[in-house]
file structure_11.cif (mmCIF, C-alpha atoms)
data_work
#
loop_
_atom_site.label_atom_id
_atom_site.label_comp_id
_atom_site.auth_asym_id
_atom_site.auth_seq_id
_atom_site.Cartn_x
_atom_site.Cartn_y
_atom_site.Cartn_z
CA MET C 1 -31.54 -31.13 12.94
CA ALA C 2 -34.95 -31.80 11.41
CA ASP C 3 -36.71 -29.73 14.06
CA PHE C 4 -34.06 -27.02 14.14
CA GLU C 5 -35.61 -23.58 14.49
CA PRO C 6 -33.06 -20.89 13.67
CA LYS C 7 -32.70 -17.88 15.93
CA ILE C 8 -32.46 -14.71 13.89
CA THR C 9 -31.41 -11.40 15.40
CA ALA C 10 -32.53 -8.32 13.47
CA PHE C 11 -30.95 -4.94 14.04
CA VAL C 12 -33.34 -2.43 12.52
CA CYS C 13 -33.54 1.33 12.38
CA THR C 14 -36.48 2.85 14.19
CA TRP C 15 -37.52 5.16 11.36
CA CYS C 16 -37.87 2.76 8.44
CA THR C 17 -37.56 -0.95 9.05
CA TYR C 18 -39.03 -0.96 12.54
CA ALA C 19 -42.02 0.96 11.25
CA GLY C 20 -42.08 -1.36 8.25
CA ALA C 21 -42.15 -4.41 10.50
CA ASP C 22 -44.95 -2.75 12.45
CA LEU C 23 -46.86 -2.35 9.18
CA THR C 24 -46.36 -6.05 8.48
CA GLY C 25 -48.21 -6.77 11.71
CA THR C 26 -50.99 -4.22 11.26
CA SER C 27 -51.46 -5.55 7.72
CA ARG C 28 -52.01 -9.02 9.24
CA ILE C 29 -49.20 -10.53 7.14
CA LYS C 30 -47.93 -13.73 8.73
CA TYR C 31 -44.22 -14.45 8.79
CA ALA C 32 -41.72 -16.64 10.58
CA SER C 33 -41.56 -16.00 14.32
CA ASN C 34 -37.83 -16.86 14.54
CA VAL C 35 -36.76 -13.25 14.44
CA ARG C 36 -35.87 -11.11 17.46
CA VAL C 37 -36.10 -7.46 16.51
CA LEU C 38 -33.73 -4.99 18.15
CA ARG C 39 -34.51 -1.36 17.47
CA VAL C 40 -31.72 1.20 17.10
CA PRO C 41 -31.95 4.87 16.11
CA CYS C 42 -30.21 4.40 12.76
CA THR C 43 -28.25 1.78 10.85
CA GLY C 44 -25.28 4.10 11.34
CA ARG C 45 -25.66 3.38 15.06
CA ILE C 46 -25.10 -0.35 14.62
CA ASP C 47 -21.66 -1.13 15.95
CA PHE C 48 -20.08 -4.12 14.23
CA MET C 49 -19.63 -5.65 17.67
CA TYR C 50 -23.42 -6.18 17.85
CA VAL C 51 -23.03 -8.79 15.12
CA LEU C 52 -20.25 -10.69 16.89
CA GLN C 53 -22.08 -10.51 20.21
CA ALA C 54 -25.30 -11.79 18.66
CA PHE C 55 -23.54 -14.83 17.19
CA ALA C 56 -21.76 -15.50 20.48
CA GLN C 57 -25.05 -15.29 22.41
CA GLY C 58 -26.87 -17.79 20.25
CA ALA C 59 -28.00 -16.18 16.99
CA ASP C 60 -27.80 -18.42 13.92
CA GLY C 61 -28.46 -15.60 11.49
CA ILE C 62 -28.49 -11.83 11.54
CA ILE C 63 -30.50 -9.22 9.69
CA VAL C 64 -29.33 -5.64 9.52
CA SER C 65 -31.87 -3.36 7.95
CA GLY C 66 -32.62 0.33 7.66
CA CYS C 67 -33.80 3.09 5.38
CA HIS C 68 -33.20 3.05 1.66
CA PRO C 69 -30.37 5.33 0.43
CA ALA C 70 -31.50 8.99 0.31
CA ASP C 71 -34.26 8.12 2.78
CA CYS C 72 -32.31 8.32 6.05
CA HIS C 73 -33.89 10.27 8.89
CA TYR C 74 -30.40 11.57 9.66
CA THR C 75 -29.62 12.26 5.98
CA SER C 76 -26.67 9.90 5.58
CA GLY C 77 -26.44 7.46 8.49
CA ASN C 78 -27.33 4.53 6.26
CA LEU C 79 -24.73 5.51 3.65
CA HIS C 80 -22.01 5.65 6.30
CA ALA C 81 -23.20 2.27 7.57
CA ARG C 82 -23.05 0.82 4.06
CA ARG C 83 -19.34 1.66 3.79
CA ARG C 84 -18.67 0.11 7.15
CA TRP C 85 -20.47 -3.09 6.16
CA VAL C 86 -18.46 -3.40 2.95
CA VAL C 87 -15.30 -3.39 5.04
CA PHE C 88 -16.68 -5.48 7.89
CA ARG C 89 -18.03 -8.19 5.59
CA LYS C 90 -14.65 -8.44 3.91
CA LEU C 91 -12.88 -8.81 7.27
CA LEU C 92 -15.37 -11.38 8.61
CA ASP C 93 -15.05 -13.39 5.43
CA PHE C 94 -11.25 -13.32 5.75
CA VAL C 95 -11.30 -14.62 9.33
CA GLY C 96 -13.68 -17.37 8.24
CA VAL C 97 -17.00 -16.22 9.73
CA ASP C 98 -19.93 -17.56 7.69
CA THR C 99 -21.10 -14.36 5.99
CA ARG C 100 -24.02 -16.24 4.41
CA ARG C 101 -25.66 -15.84 7.82
CA ILE C 102 -25.52 -12.05 7.79
CA HIS C 103 -28.16 -10.34 5.68
CA PHE C 104 -28.34 -6.66 4.87
CA ALA C 105 -31.46 -5.03 3.53
CA TRP C 106 -33.19 -1.72 3.00
CA VAL C 107 -36.81 -1.92 4.15
CA SER C 108 -38.83 1.28 4.25
CA ALA C 109 -41.77 2.05 6.54
CA ALA C 110 -44.12 1.29 3.63
CA GLU C 111 -42.63 -2.12 2.83
CA GLY C 112 -44.42 -4.36 5.29
CA ALA C 113 -44.63 -7.13 2.73
CA LYS C 114 -40.91 -6.88 1.93
CA TRP C 115 -40.10 -7.32 5.62
CA ALA C 116 -42.15 -10.51 5.77
CA ASP C 117 -40.46 -11.81 2.62
CA LEU C 118 -37.05 -10.90 3.97
CA VAL C 119 -37.55 -12.67 7.29
CA ASN C 120 -39.05 -15.74 5.64
CA SER C 121 -36.21 -16.07 3.16
CA VAL C 122 -33.53 -15.51 5.80
CA VAL C 123 -35.11 -18.09 8.09
CA ALA C 124 -35.29 -20.57 5.20
CA SER C 125 -31.65 -20.06 4.20
CA VAL C 126 -30.37 -20.25 7.79
CA ARG C 127 -32.47 -23.34 8.44
CA GLU C 128 -30.65 -24.90 5.52
CA LEU C 129 -27.25 -23.89 6.97
CA GLY C 130 -28.10 -25.35 10.37
CA PRO C 131 -27.21 -23.98 13.81
CA TYR C 132 -24.08 -21.84 13.97
CA ASP C 133 -22.41 -23.95 16.63
CA GLU C 134 -19.07 -23.75 14.84
CA TYR C 135 -18.86 -20.18 16.09
CA ARG C 136 -19.91 -20.81 19.68
CA GLN C 137 -17.78 -23.92 20.10
CA ALA C 138 -14.80 -21.61 20.23
CA ILE C 139 -16.05 -20.60 23.70
CA PRO C 140 -15.29 -23.16 26.45
CA SER C 141 -18.59 -24.87 27.34
CA HIS C 142 -18.59 -23.86 31.02
CA ILE C 143 -18.72 -20.17 30.12
CA ARG C 144 -20.73 -20.40 26.91
CA PRO C 145 -23.65 -17.93 26.99
CA GLY C 146 -26.95 -19.70 27.48
CA GLY C 147 -25.17 -23.05 27.70
CA VAL C 148 -25.56 -23.66 23.96
CA ALA C 149 -25.39 -27.35 23.20
CA ALA C 150 -22.20 -28.33 21.46
CA MET X 151 26.21 6.95 10.32
CA SER X 152 28.24 10.06 11.15
CA ALA X 153 25.86 12.21 9.10
CA LEU X 154 23.04 11.01 11.38
CA HIS X 155 25.10 11.76 14.48
CA ASP X 156 25.93 15.24 13.19
CA ALA X 157 22.32 15.98 12.30
CA ALA X 158 21.05 14.79 15.69
CA ARG X 159 23.77 16.72 17.54
CA GLY X 160 23.00 19.86 15.53
CA ILE X 161 19.28 19.66 16.25
CA LEU X 162 19.82 19.18 19.97
CA GLU X 163 22.49 21.88 20.26
CA SER X 164 20.45 24.45 18.36
CA GLY X 165 17.40 23.64 20.47
CA ALA X 166 15.32 22.87 17.37
CA ALA X 167 14.18 19.72 19.15
CA ALA X 168 14.43 18.62 22.77
CA VAL X 169 14.74 14.93 22.00
CA VAL X 170 15.89 12.84 19.07
CA ILE X 171 14.09 9.50 18.90
CA GLY X 172 16.12 6.96 17.01
CA HIS X 173 17.62 3.52 17.44
CA GLY X 174 20.47 2.39 19.65
CA GLU X 175 22.27 -0.87 20.36
CA GLY X 176 20.14 -3.33 22.25
CA THR X 177 21.30 -5.55 25.09
CA ALA X 178 21.66 -8.57 22.76
CA THR X 179 22.18 -8.39 19.00
CA GLY X 180 19.10 -6.32 18.18
CA ALA X 181 18.48 -2.61 18.08
CA ARG X 182 16.08 -0.79 20.37
CA PRO X 183 14.45 2.62 20.41
CA LEU X 184 16.74 5.27 21.86
CA PHE X 185 15.81 8.70 23.19
CA VAL X 186 18.71 11.16 22.93
CA ARG X 187 18.40 14.42 24.86
CA ASP X 188 22.07 15.15 25.45
CA PRO X 189 23.97 16.28 22.29
CA ALA X 190 27.05 14.47 23.58
CA LYS X 191 25.19 11.17 23.33
CA ALA X 192 24.12 11.61 19.69
CA GLY X 193 26.90 9.17 18.77
CA GLU X 194 24.94 6.32 20.33
CA LEU X 195 22.44 6.39 17.48
CA VAL X 196 22.62 3.52 15.02
CA PHE X 197 20.81 2.97 11.78
CA ASP X 198 20.84 -0.32 9.89
CA GLU X 199 18.55 -3.13 8.80
CA ARG X 200 17.80 -4.05 12.42
CA CYS X 201 16.05 -0.72 12.95
CA VAL X 202 12.52 -1.79 12.12
CA HIS X 203 10.49 -0.10 14.88
CA ASN X 204 7.95 2.46 13.80
CA LEU X 205 9.13 5.27 16.08
CA ALA X 206 6.07 7.42 15.32
CA VAL X 207 4.34 5.41 18.05
CA TYR X 208 6.06 7.59 20.66
CA LEU X 209 4.94 10.95 19.29
CA LEU X 210 1.60 11.11 21.10
CA LYS X 211 2.69 9.60 24.41
CA PRO X 212 2.21 12.21 27.16
CA GLU X 213 5.64 11.39 28.62
CA VAL X 214 7.30 12.08 25.27
CA LYS X 215 5.26 15.18 24.54
CA ALA X 216 6.33 16.55 27.94
CA LEU X 217 9.97 16.46 26.80
CA GLY X 218 9.28 19.08 24.13
CA ARG X 219 9.53 19.01 20.36
CA ALA X 220 10.76 15.69 19.01
CA ALA X 221 12.91 14.73 16.05
CA LEU X 222 12.37 11.24 14.66
CA VAL X 223 14.74 9.07 12.69
CA GLY X 224 12.32 8.15 9.98
CA GLN X 225 11.67 5.54 7.36
CA PRO X 226 8.78 5.41 4.88
CA PRO X 227 6.33 3.83 7.37
CA THR X 228 7.25 6.46 9.96
CA LEU X 229 6.55 9.22 7.45
CA ARG X 230 3.21 7.73 6.56
CA SER X 231 2.33 7.43 10.24
CA VAL X 232 3.14 11.09 10.77
CA LEU X 233 0.96 12.10 7.81
CA GLN X 234 -1.94 9.97 9.03
CA LEU X 235 -1.65 11.43 12.53
CA ALA X 236 -1.68 14.89 10.96
CA ALA X 237 -4.76 13.99 8.90
CA GLU X 238 -6.42 12.92 12.15
CA GLN X 239 -5.56 16.28 13.78
CA GLN X 240 -3.14 14.65 16.22
CA LEU X 241 -0.06 16.51 14.97
CA LYS X 242 0.29 20.09 13.85
CA GLU X 243 2.62 21.46 11.23
CA GLY X 244 6.05 21.79 12.86
CA ASP X 245 5.37 19.41 15.75
CA VAL X 246 8.01 17.00 14.56
CA ILE X 247 11.29 16.97 12.66
CA LEU X 248 12.10 13.92 10.58
CA LEU X 249 15.63 12.73 9.90
CA LEU X 250 15.71 10.47 6.89
CA PRO X 251 18.86 8.41 6.41
CA GLU X 252 19.63 8.19 2.70
CA PRO X 253 21.17 5.20 0.93
CA ASP X 254 24.38 7.20 0.26
CA GLY X 255 24.96 7.67 4.01
CA GLY X 256 23.61 11.22 4.12
CA VAL X 257 20.67 12.42 6.15
CA ARG X 258 17.79 14.49 4.83
CA GLN X 259 15.92 16.69 7.27
CA VAL X 260 12.19 17.14 6.60
CA GLU X 261 9.79 19.26 8.60
CA SER X 262 6.79 20.49 6.64
CA PHE X 263 3.92 18.14 5.87
CA ALA X 264 4.17 19.11 2.19
CA ASP X 265 7.78 17.86 2.13
CA ILE X 266 6.79 14.66 3.93
CA GLU X 267 4.03 14.07 1.39
CA ARG X 268 6.61 14.39 -1.40
CA ALA X 269 8.90 11.93 0.39
CA VAL X 270 6.24 9.23 0.74
CA SER X 271 4.90 9.33 -2.77
CA GLU X 272 7.86 7.21 -3.84
CA ALA X 273 7.85 4.87 -0.87
CA ASP X 274 4.84 2.63 -0.45
CA ALA X 275 4.02 0.26 2.37
CA GLN X 276 3.98 -3.20 0.87
CA LEU X 277 3.74 -6.59 2.46
CA SER X 278 6.91 -8.63 2.35
CA PRO X 279 6.81 -11.46 -0.24
CA GLU X 280 6.32 -14.00 2.59
CA GLU X 281 3.43 -12.03 4.07
CA ARG X 282 1.83 -11.61 0.64
CA ALA X 283 2.12 -15.36 0.03
CA CYS X 284 0.54 -16.08 3.43
CA LEU X 285 -2.33 -13.66 2.77
CA ASP X 286 -3.06 -15.11 -0.67
CA GLU X 287 -2.87 -18.64 0.68
CA VAL X 288 -5.30 -17.95 3.53
CA ALA X 289 -7.68 -16.01 1.29
CA ALA X 290 -7.80 -18.94 -1.15
CA LEU X 291 -8.74 -21.50 1.53
CA PRO X 292 -12.34 -22.75 1.76
CA ARG X 293 -14.23 -20.81 4.43
CA GLU X 294 -14.22 -23.59 7.06
CA GLU X 295 -10.46 -23.99 6.77
CA ARG X 296 -9.97 -20.24 6.95
CA TRP X 297 -11.98 -20.26 10.17
CA ARG X 298 -9.85 -23.08 11.56
CA PHE X 299 -6.63 -21.33 10.53
CA TRP X 300 -7.54 -18.11 12.32
CA GLN X 301 -8.95 -19.93 15.35
CA GLN X 302 -5.62 -21.71 15.72
CA GLU X 303 -3.79 -18.42 15.41
CA PHE X 304 -6.10 -16.67 17.90
CA THR X 305 -5.80 -19.56 20.35
CA ARG X 306 -2.20 -18.48 20.94
CA CYS X 307 -3.11 -14.85 21.65
CA LEU X 308 -2.12 -13.82 25.17
CA LYS X 309 -4.08 -10.59 25.09
CA CYS X 310 -0.90 -8.75 26.00
CA TYR X 311 -2.00 -5.92 23.68
CA ALA X 312 1.53 -5.43 22.38
CA CYS X 313 -0.11 -4.99 18.96
CA ARG X 314 -1.97 -2.02 20.35
CA ALA X 315 1.07 -0.60 22.11
CA ALA X 316 3.24 -0.86 18.99
CA CYS X 317 0.73 0.82 16.70
CA PRO X 318 1.25 4.54 16.06
CA LEU X 319 -2.43 4.93 15.15
CA CYS X 320 -3.76 3.26 18.34
CA TYR X 321 -3.74 6.38 20.47
CA CYS X 322 -7.13 6.36 22.23
CA THR X 323 -6.64 7.30 25.86
CA GLN X 324 -9.24 4.70 26.79
CA CYS X 325 -9.40 1.60 24.62
CA ILE X 326 -12.55 -0.47 24.13
CA VAL X 327 -10.87 -3.47 25.81
CA ASP X 328 -10.21 -1.43 28.93
CA VAL X 329 -13.91 -0.69 29.30
CA ASN X 330 -16.03 -3.19 31.22
CA GLN X 331 -19.44 -1.55 31.06
CA PRO X 332 -20.36 -2.87 28.58
CA GLN X 333 -17.77 -5.61 28.33
CA TRP X 334 -17.37 -5.91 24.57
CA ILE X 335 -14.32 -8.14 24.62
CA PRO X 336 -14.69 -11.22 26.84
CA VAL X 337 -12.13 -11.44 29.63
CA PRO X 338 -11.55 -15.22 29.53
CA PRO X 339 -8.82 -16.03 27.02
CA HIS X 340 -10.71 -18.23 24.59
CA PRO X 341 -10.23 -18.10 20.81
CA LEU X 342 -13.56 -16.41 20.16
CA GLY X 343 -12.89 -13.59 22.60
CA ASN X 344 -9.41 -13.24 21.18
CA MET X 345 -10.92 -13.02 17.71
CA ASP X 346 -13.26 -10.29 19.01
CA TRP X 347 -10.23 -8.31 20.07
CA HIS X 348 -8.44 -8.72 16.75
CA VAL X 349 -11.57 -7.88 14.74
CA VAL X 350 -12.10 -4.77 16.87
CA ARG X 351 -8.49 -3.74 16.48
CA ALA X 352 -8.60 -4.22 12.72
CA MET X 353 -11.93 -2.43 12.34
CA HIS X 354 -10.87 0.51 14.47
CA LEU X 355 -7.85 0.85 12.20
CA ALA X 356 -9.87 0.41 9.01
CA GLY X 357 -8.94 3.13 6.56
CA ARG X 358 -6.26 4.39 8.95
CA CYS X 359 -3.68 1.59 8.96
CA ILE X 360 -0.56 2.61 7.08
CA GLY X 361 0.77 -0.93 6.83
CA CYS X 362 4.01 -0.68 8.79
CA GLY X 363 3.51 -4.18 10.25
CA ALA X 364 4.60 -3.10 13.73
CA CYS X 365 1.65 -5.02 15.26
CA ALA X 366 2.76 -8.34 13.79
CA ARG X 367 6.42 -7.73 14.71
CA ALA X 368 5.40 -6.88 18.27
CA CYS X 369 3.30 -10.03 18.63
CA PRO X 370 5.13 -12.41 21.01
CA VAL X 371 3.31 -15.44 19.56
CA ASP X 372 3.72 -14.47 15.89
CA ILE X 373 0.09 -14.06 14.87
CA PRO X 374 0.13 -12.45 11.40
CA LEU X 375 -2.12 -9.63 12.58
CA ASN X 376 -1.17 -7.19 9.89
CA LEU X 377 -2.87 -9.41 7.31
CA LEU X 378 -6.23 -8.47 8.84
CA ASN X 379 -5.40 -4.81 8.40
CA GLN X 380 -4.02 -5.38 4.93
CA VAL X 381 -7.18 -7.11 3.71
CA ILE X 382 -9.22 -4.15 4.92
CA GLU X 383 -6.91 -1.56 3.40
CA GLU X 384 -6.94 -3.34 0.05
CA GLU X 385 -10.73 -3.46 0.12
CA ILE X 386 -10.91 0.25 0.95
CA ALA X 387 -8.41 1.11 -1.78
CA GLY X 388 -10.33 -0.99 -4.29
CA GLN X 389 -13.83 0.09 -3.33
CA PHE X 390 -13.38 3.67 -2.21
CA ASP X 391 -10.05 4.63 -3.77
CA ALA X 392 -8.68 5.80 -0.42
CA ARG X 393 -5.27 5.13 1.07
CA ALA X 394 -4.07 6.04 4.55
CA GLY X 395 -0.90 7.95 5.26
CA LEU X 396 -0.26 9.61 1.92
CA SER X 397 -1.60 13.04 2.76
CA ALA X 398 -1.80 15.25 5.84
CA SER X 399 -5.22 16.50 4.78
CA ALA X 400 -6.96 13.30 3.64
CA SER X 401 -10.44 12.59 4.94
CA TYR X 402 -11.20 9.32 6.71
CA ALA X 403 -12.58 6.75 4.27
CA LEU X 404 -15.23 5.48 6.68
CA SER X 405 -16.54 8.87 7.76
CA THR X 406 -17.54 9.77 4.25
CA PHE X 407 -19.50 8.07 1.48
CA THR X 408 -20.58 8.32 -2.11
CA THR X 409 -24.00 7.47 -3.42
CA GLY X 410 -22.37 4.93 -5.73
CA ASP X 411 -20.78 2.81 -2.98
CA LYS X 412 -21.07 -0.93 -3.51
CA ASP X 413 -24.45 -2.26 -2.40
CA THR X 414 -24.78 -5.51 -4.31
CA PHE X 415 -24.84 -7.38 -1.00
CA ILE X 416 -27.85 -5.40 0.27
CA ARG X 417 -31.37 -6.53 -0.54
#
call {"tool": "encode", "arguments": {"input": "structure_11.cif", "output": "structure tokens"}}
result
Amino acid sequence: MADFEPKITAFVCTWCTYAGADLTGTSRIKYASNVRVLRVPCTGRIDFMYVLQAFAQGADGIIVSGCHPADCHYTSGNLHARRRWVVFRKLLDFVGVDTRRIHFAWVSAAEGAKWADLVNSVVASVRELGPYDEYRQAIPSHIRPGGVAA
Amino acid sequence: MSALHDAARGILESGAAAVVIGHGEGTATGARPLFVRDPAKAGELVFDERCVHNLAVYLLKPEVKALGRAALVGQPPTLRSVLQLAAEQQLKEGDVILLLPEPDGGVRQVESFADIERAVSEADAQLSPEERACLDEVAALPREERWRFWQQEFTRCLKCYACRAACPLCYCTQCIVDVNQPQWIPVPPHPLGNMDWHVVRAMHLAGRCIGCGACARACPVDIPLNLLNQVIEEEIAGQFDARAGLSASASYALSTFTTGDKDTFIR
């Protein structure tokens, strides 16, 4: 547990947060390397199944991030996504999924420093929560993706 | 009962509808859906407290559509289903006749969506007191126990998809669970994959579920599925002030937005 390194999956929109994360790098800002960034066209493109799949495949925490409201490349994709997350969070909470492991954020292409802060704080909070084995233990071990230790 | 028989016979004889979908005696003590196409058989229709099926589920089936215009023996959930299907452009004005048995034994015939909207404003889809108690109890559990509760429920799931078949709003010709590239819902029957299915089903009905509870009644292993839908519908009603199945022209709550939607959970 002491040397537990959380795996964080980040679903980010290509226009804002992906560019923002790029800026973090070009600005030489160091941040936790626990995050795997997956680029999608828009937060509105993020199917809620991505979240469940990520947990099942070994993620301990999830970041979903895109453009600030009124800043969407597709005008309103992020606002549609926001509604969906309100509903999805409620449902996940009701079925007992640990919603403290799912983090939503708006990070613009100019907010390289915010991205670093976001990742660092998510990694710290998930490290505190420990690995999300409770979720993956519901899969029989012989077919568990990646053979996650139980 | 005879008023229902007369109404059904009249509709079939006049040719106003080609089939009356109602309830008939089952093989044991229950009632089952009954399709009446011959006016002489209108007398086989029954209507009592055993008639709980949401018959609107048949309206979009190709086999039923092929019969011609349908008349449905309706109850409040059936009416709400019809309105929601109309709002989703699945039914046109005049596609269906509704026969509403009244408490005094009479039958009211409703056809236009405007009349259906007036009929549902009084009748609301509510959970039964037992279901409400179960929902409140589960919602009040600590998170870990809620997880265990649902995992135990989902462990029993057979993936028979009766919940999907019984739902009038589950009308996709190809369902996400029937797709295997990509395979979103795991094939092996473990509780997590079963949960994936039930989360998908609930989310795909979010803002559309009219709360008839047909999914939970259809479930052969008694998983209280409709609670998942109910939690979502209550959240949507509370956050976005939208309710499914009250209007034939309502917009879908999750395909619209306001700039003031809740975002306290977003950093």
call {"tool": "resolve_selection", "arguments": {"input": "structure_11.cif", "expression": "the PyMOL selection byres ((chain C and resi 59-65) around 8)", "output": "PyMOL selection string"}}
result
chain C and resi 6-13+17+43+51+54-58+66-67+101-107+122-123+126+130-132
call {"tool": "interface_residues", "arguments": {"input": "structure_11.cif", "of": "chain X", "to": "chain C", "cutoff": "6 Å", "atoms": "all atoms listed in the file", "output": "compact mmCIF listing (two decimals) with C-alpha atoms, in the coordinates of the input"}}
result
# COMPACT_ATOMS: atom_id res chain seq x y z
CA ARG X 293 -14.23 -20.81 4.43
CA ARG X 296 -9.97 -20.24 6.95
CA TRP X 297 -11.98 -20.26 10.17
CA TRP X 300 -7.54 -18.11 12.32
CA HIS X 340 -10.71 -18.23 24.59
CA PRO X 341 -10.23 -18.10 20.81
CA LEU X 342 -13.56 -16.41 20.16
CA PHE X 407 -19.50 8.07 1.48
CA ILE X 416 -27.85 -5.40 0.27
CA ARG X 417 -31.37 -6.53 -0.54
call {"tool": "atom_distance", "arguments": {"input": "structure_11.cif", "atom1": "CA of Val207 in chain X", "atom2": "CA of Cys320 in chain X"}}
result
8.4 Å
call {"tool": "residues_around", "arguments": {"input": "structure_11.cif", "residues": "range 234-241 of chain X", "least_positions_apart": "5", "cutoff": "8 Å", "atoms": "all atoms listed in the file", "output": "VMD selection string"}}
result
chain X and resid 210 319 358 360 394 to 401
call {"tool": "closest_residue", "arguments": {"input": "structure_11.cif", "among": "X:Glu384, X:Gly172, X:Gln333, X:Ala269", "to": "Leu285 in chain X", "atoms": "only C-alpha atoms"}}
result
X:Glu384
call {"tool": "closest_residue", "arguments": {"input": "structure_11.cif", "among": "X:Leu277, X:Ile161, X:Val327, X:Cys201", "to": "Val246 in chain X", "atoms": "all atoms listed in the file"}}
result
X:Ile161
call {"tool": "residues_around", "arguments": {"input": "structure_11.cif", "residues": "Ser152 in chain X", "least_positions_apart": "6", "cutoff": "9 Å", "atoms": "only C-alpha atoms", "output": "list of chain:residue names"}}
result
X:Gly193, X:Gly255, X:Gly256
call {"tool": "residues_near_point", "arguments": {"input": "structure_11.cif", "point": "(-2.5, 0.5, 10.0)", "cutoff": "10 Å", "atoms": "only C-alpha atoms", "output": "PyMOL selection string"}}
result
chain X and resi 227+230-231+234+317-320+351-352+354-365+376+378-380+382-383+394-395
call {"tool": "atom_distance", "arguments": {"input": "structure_11.cif", "atom1": "CA of Ala167 in chain X", "atom2": "CA of Arg219 in chain X"}}
result
4.9 Å
call {"tool": "residues_around", "arguments": {"input": "structure_11.cif", "residues": "Thr24 in chain C", "least_positions_apart": "3", "cutoff": "10 Å", "atoms": "all atoms listed in the file", "output": "ChimeraX atom specification"}}
result
/C:18-21,27-31,109-116
call {"tool": "axis_aligned_box", "arguments": {"input": "structure_11.cif", "around": "range 204-221 of chain X", "padding_each_side": "4 Å", "output": "AutoDock Vina command-line options"}}
result
--center_x 7.3 --center_y 10.8 --center_z 21.2 --size_x 19.3 --size_y 24.6 --size_z 22.8
call {"tool": "resolve_selection", "arguments": {"input": "structure_11.cif", "expression": "the PyMOL selection byres ((chain X and resi 154) around 12)", "output": "number ranges by chain"}}
result
X: 151-153, 155-161, 170-173, 192-198, 221-224, 248-252, 254-259
call {"tool": "closest_residue", "arguments": {"input": "structure_11.cif", "among": "X:Gly343, X:Gly218, X:Pro332, X:Pro279", "to": "Lys309 in chain X", "atoms": "all atoms listed in the file"}}
result
X:Gly343
call {"tool": "atom_distance", "arguments": {"input": "structure_11.cif", "atom1": "CA of Ser33 in chain C", "atom2": "CA of Asp3 in chain C"}}
result
14.6 Å
call {"tool": "closest_residue", "arguments": {"input": "structure_11.cif", "among": "X:Gln302, X:Gln389, X:Asn330, X:Thr414", "to": "Val371 in chain X", "atoms": "only C-alpha atoms"}}
result
X:Gln302
call {"tool": "resolve_selection", "arguments": {"input": "structure_11.cif", "expression": "the PyMOL selection byres ((chain X and resi 182) around 9)", "output": "PyMOL selection string"}}
result
chain X and resi 172-177+180-181+183-184+200-201+203
call {"tool": "residues_around", "arguments": {"input": "structure_11.cif", "residues": "Ala312 in chain X", "least_positions_apart": "4", "cutoff": "8 Å", "atoms": "all atoms listed in the file", "output": "list of chain:residue names"}}
result
X:Ala316, X:Cys365, X:Ala368, X:Cys369, X:Pro370
call {"tool": "decode", "arguments": {"input": "structure_11.cif", "residues": "range 105-113 of chain C", "atoms": "N, CA, C and O atoms", "output": "compact mmCIF listing (two decimals), in the first residue's frame"}}
result
# COMPACT_ATOMS: atom_id res chain seq x y z
N ALA C 105 -13.45 18.43 -14.74
CA ALA C 105 -12.79 19.75 -14.70
C ALA C 105 -12.94 20.44 -16.04
O ALA C 105 -13.19 19.80 -17.07
N TRP C 106 -12.85 21.75 -16.02
CA TRP C 106 -12.69 22.53 -17.25
C TRP C 106 -11.26 23.06 -17.26
O TRP C 106 -10.86 23.79 -16.36
N VAL C 107 -10.49 22.67 -18.26
CA VAL C 107 -9.12 23.18 -18.38
C VAL C 107 -8.95 23.70 -19.80
O VAL C 107 -9.08 22.95 -20.76
N SER C 108 -8.68 24.98 -19.92
CA SER C 108 -8.57 25.56 -21.26
C SER C 108 -7.15 25.35 -21.80
O SER C 108 -6.25 24.92 -21.08
N ALA C 109 -6.97 25.70 -23.08
CA ALA C 109 -5.67 25.52 -23.72
C ALA C 109 -4.62 26.44 -23.12
O ALA C 109 -3.42 26.25 -23.33
N ALA C 110 -5.04 27.44 -22.36
CA ALA C 110 -4.08 28.38 -21.76
C ALA C 110 -3.76 28.01 -20.33
O ALA C 110 -2.94 28.67 -19.69
N GLU C 111 -4.41 26.97 -19.80
CA GLU C 111 -4.27 26.66 -18.37
C GLU C 111 -3.35 25.47 -18.13
O GLU C 111 -3.76 24.47 -17.53
N GLY C 112 -2.14 25.59 -18.62
CA GLY C 112 -1.16 24.52 -18.40
C GLY C 112 -0.92 24.28 -16.92
O GLY C 112 -0.80 23.12 -16.47
N ALA C 113 -0.86 25.33 -16.16
CA ALA C 113 -0.58 25.19 -14.72
C ALA C 113 -1.76 24.53 -14.01
O ALA C 113 -1.59 23.72 -13.10
